[in-house]
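This report concerns only the one structure given below.
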Amino acid sequence: HTHTHTQTYLQFPNASATAAAAAAAAAAAAQLLPKIRKSVPINDAPLSQRNILTRAQILKEIGLKTSTVVTIKGKYYDEEALVNRKDTDEPPLSMEVMGTDQKQLEEADQAIQEIMNDTPLPDPRAISKQTGEGWMQRKVFIGLDVPLPGFSVIGKLLGPKGAYLKHITQTSMARVDLRGKGSRQMHHEKDADLAMHLDISSRNKAHVEHAENLCKDLVASVKEEYDKYKSVAPPSGPPMGSNFHGGPRPMHMGGGGMGGGMG
């Protein structure tokens with residue numbers, strides 16, 4: 001299933017004539033400046049993120065937001081094909097950003113990275129494979145199901161540009177996804193109707209346990225931050241009928257309690 005994308009998308013929205021004229025003038029001026037290019041590899045991005053990044057609409061949005069022209073180059077190679085790829089073959093899938101100054105390219109690169117780092121929704125085919133064939137799974141529930149407004153549980157768990165979950169994945173070598181209600185998971189997917197949780201999977205028991213401890217540390221620190229937030233937040237009363245006053249359920253920390261959390 002290798003497919004090639006070679007369309008180029010222009011950056012003119014169907015705005016009013018004056019805006020279009022201004023854009024055309026800017027584009028004409030930009031033509032005079034030397035063009036610089038930057039290639040951002042996306043061949044290894046998860047399938048769901050790759051599908052988002054190669055959409056015409058997304059290319060156009062990134063282009064408009066960063067005053068660049070973004071095109072898709074090359075074609076997708078799976079791991080096996082990548083190993084066998086010869087230098088004369090078409091290059092692996094990437095996004096080419098063309099602009100007139102380095103800052104634009106950096107901004108476009110950042111916009112692309114943000115989409116790539118958004119917790120990937122797992123490919124359903126990969127899921128069915130994962131639950132068979134000796135995959136081990138654990139869940140760490142977050143337990144902040146009705147937070148006060150203004151406190152982004154997802155943002156605190158993912159960290160800047162997804163850094164925290166990436167750190168856990170890289171350190172533990174297990175796969176960690178944010179799932180359940182309130183996460184960005186699609187409704188029809190497995191476990192989407194459970195409370196928000198970190199889903200850990202790996203074929204290696206030690207990896208799963210390591211990731212589980214890191215996830216528990218992360219959740220504990222987010223809860224601690226939430227308690228601080230709650231103490232200074234304006235009182236808005238708990239939602240009706242909630243057992244909000246019961247305080248958080250005690251967390252059982254795996255061996256060694258809190259410890260070198262997110263360094």
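Going by the structure tokens order, chains are called A, B, ..., each with residues numbered from 1, while ligands are numbered from 1 in the order shown.
Neighbouring residues of Lys161 of chain A at 10 Å or closer, counting only C-alpha atoms and skipping chain neighbours under 6 positions away, are Gln110, Gln113, Glu114, Ile115, Met116, Asn117, Asp118, Thr119 and Gly155 of chain A.
Atom pair atom CA of Lys35 of chain A / atom CA of Ile62 of chain A: separated by 17.4 Å.
Rounded to one decimal, atom CA of Glu61 of chain A and atom CA of Leu165 of chain A lie 26.6 Å from each other.
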Please identify every residue of segment 85-172 of chain A that has at least one atom no farther than 7 Å from an atom of segment 210-227 of chain A, counting only C-alpha atoms, and for each give the shortest atom pair and the distance in Å to one decimal, arranged by chain then increasing number, as a tab-separated table.
```
residue	atom	partner	partner_atom	distance
A:Val140	CA	A:Lys216	CA	6.7
A:Ile142	CA	A:Val219	CA	6.1
A:Lys156	CA	A:Val222	CA	6.4
A:Leu157	CA	A:Val222	CA	6.9
A:Ile168	CA	A:Ala211	CA	6.2
A:Ser172	CA	A:Ala211	CA	5.2
```
Writer output for current selection, N, CA, C and O atoms, as a tab-separated table (two decimals), in the first residue's frame:
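Below you can see out05.tsv, which holds the result:
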```
chain	number	residue	atom	x	y	z
A	140	VAL	N	-3.50	2.54	33.81
A	140	VAL	CA	-3.38	3.38	35.00
A	140	VAL	C	-4.45	4.46	34.86
A	140	VAL	O	-4.40	5.29	33.95
A	142	ILE	N	-6.65	7.78	35.64
A	142	ILE	CA	-6.23	9.12	36.06
A	142	ILE	C	-7.00	9.56	37.30
A	142	ILE	O	-6.45	10.13	38.21
A	156	LYS	N	-1.67	18.34	30.97
A	156	LYS	CA	-0.71	18.06	32.05
A	156	LYS	C	-0.12	16.66	31.89
A	156	LYS	O	1.03	16.42	32.25
A	157	LEU	N	-0.93	15.71	31.39
A	157	LEU	CA	-0.43	14.34	31.24
A	157	LEU	C	0.52	14.22	30.05
A	157	LEU	O	1.55	13.55	30.12
A	168	ILE	N	8.16	8.64	28.82
A	168	ILE	CA	7.83	7.33	29.41
A	168	ILE	C	8.02	6.22	28.38
A	168	ILE	O	8.60	5.18	28.66
A	172	SER	N	10.83	3.45	29.02
A	172	SER	CA	10.37	2.11	29.40
A	172	SER	C	10.35	1.16	28.22
A	172	SER	O	10.26	-0.05	28.40
```
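Nearest residue to Ser202 of chain A among A:Val176, A:Ile52, A:Leu64, A:Met136 is A:Met136, counting only C-alpha atoms.
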Find, counting only C-alpha atoms, the residue in A:Val232, A:Ala195, A:Ala206, A:Ala56 that gets nearest to Leu144 of chain A.
A:Ala195
Write out as a ChimeraX atom specification which residues come within 12 Å of Asn204 of chain A when counting only C-alpha atoms, dropping same-chain ones fewer than 3 positions away.
/A:133-138,172-175,200-201,207-211
Those residues with C-alpha atoms, as a PDB file, in the first residue's frame please?
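Result file is selection27.pdb:
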```
ATOM      1  CA  GLU A 133       0.623 -12.762  20.465  1.00  0.00           C
ATOM      2  CA  GLY A 134       1.813 -12.359  24.027  1.00  0.00           C
ATOM      3  CA  TRP A 135       1.189  -8.643  24.400  1.00  0.00           C
ATOM      4  CA  MET A 136       0.775  -7.518  27.992  1.00  0.00           C
ATOM      5  CA  GLN A 137      -1.412  -4.587  28.866  1.00  0.00           C
ATOM      6  CA  ARG A 138      -1.946  -2.503  31.975  1.00  0.00           C
ATOM      7  CA  SER A 172      10.373   2.109  29.403  1.00  0.00           C
ATOM      8  CA  MET A 173      10.264   0.894  25.779  1.00  0.00           C
ATOM      9  CA  ALA A 174       6.548   0.136  26.255  1.00  0.00           C
ATOM     10  CA  ARG A 175       3.787   1.780  24.267  1.00  0.00           C
ATOM     11  CA  ILE A 200       0.374   0.526  28.534  1.00  0.00           C
ATOM     12  CA  SER A 201       1.303  -2.345  26.235  1.00  0.00           C
ATOM     13  CA  HIS A 207       8.921  -2.824  30.169  1.00  0.00           C
ATOM     14  CA  VAL A 208       5.243  -2.833  31.120  1.00  0.00           C
ATOM     15  CA  GLU A 209       6.036  -2.651  34.838  1.00  0.00           C
ATOM     16  CA  HIS A 210       8.591   0.114  34.337  1.00  0.00           C
ATOM     17  CA  ALA A 211       6.087   2.127  32.287  1.00  0.00           C
TER      18      ALA A 211
END
```
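The space between atom CA of Thr71 of chain A and atom CA of Ala21 of chain A spans 23.2 Å.
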Nearest residue to Gly74 of chain A from the set A:Thr171, A:Asn43, A:Gln57, A:Gln102 (distances using only C-alpha atoms):
A:Asn43
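The neighbours of Leu82 of chain A here are the residues that come within 10 Å of it, using only C-alpha atoms and leaving out any residue fewer than 5 positions away in the same chain; they are Asn43, Tyr76, Tyr77, Pro91 and Pro92 of chain A.
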